[in-house]
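A.B. asks: Got a structure here, written out as structure tokens. Questions coming.
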Amino acid sequence: MAAWTDKVWVNHDYEIAILGGFQGPDAGGLSLRFASDGSMNIYEYANEELDENLAEGRKRRAENFWT
């Protein structure tokens, strides 16, 4: 795993990478991989409009979680 982490996560030395786990449709799950500051955004994707939409989705989910 350390070799993969160094090659893909740290050095971005890949043509395609596949990560397992949950990616959505929940805004929280999507944010991890696609928000500019997402902790699993190994692609270094950045889009201000997407960040705003994901933040709004997380906010709405939090507001409606207990209702």
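Following the order of the structure tokens, first chain is A, next is B, and so on, with residues numbered from 1 inside each chain and ligands from 1 in the order they appear.
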Neighbouring residues of A:Thr5 were defined as those with any atom within 12 Å, considering only C-alpha atoms; residues of the same chain fewer than 5 positions away were excluded. Please report them as a PDB file with C-alpha atoms, in the first residue's frame.

C.D. replies:
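File part-v9.pdb, as written:
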ATOM      1  CA  VAL A  10       1.814  11.812  -3.318  1.00  0.00           C
ATOM      2  CA  ASN A  11       3.480  11.966  -6.739  1.00  0.00           C
ATOM      3  CA  HIS A  12       0.356  11.849  -8.957  1.00  0.00           C
ATOM      4  CA  ASP A  13       2.178   9.400 -11.231  1.00  0.00           C
ATOM      5  CA  TYR A  14      -0.720   7.578 -12.887  1.00  0.00           C
ATOM      6  CA  ALA A  17      -6.635   5.346 -10.518  1.00  0.00           C
ATOM      7  CA  LEU A  19     -10.520   4.134  -5.340  1.00  0.00           C
ATOM      8  CA  MET A  40      -9.294  12.166  -0.922  1.00  0.00           C
ATOM      9  CA  ILE A  42      -5.941  12.875  -5.354  1.00  0.00           C
TER      10      ILE A  42
END

A.B. asks: Find the residues near stretch 55-61 of chain A: any atom within 8 Å, counting only C-alpha atoms, skip ones fewer than 6 places away on the same chain, and give them as a VMD selection string.

C.D. replies: chain A and resid 26 to 28

A.B. asks: Just the residues within 8 Å of stretch 30-36 of chain A, please, counting only C-alpha atoms, with nothing from its chain fewer than 4 positions along; format it as a PyMOL selection string.

C.D. replies: chain A and resi 23-26+40-42+44-48+50-51+54

A.B. asks: Run DSSP on the backbone and give me the residues of chain A it puts in alpha helix (DSSP H), as a list in words.

C.D. replies: Ala2, Ala3, Trp4, Ala27, Gly28, Gly29, Leu30, Ser31, Leu32, Arg33, Phe34, Glu48, Glu49, Leu50, Asp51, Glu52, Asn53, Leu54, Ala55, Glu56, Gly57, Arg58, Lys59, Arg60, Arg61, Ala62, Glu63 and Asn64 of chain A
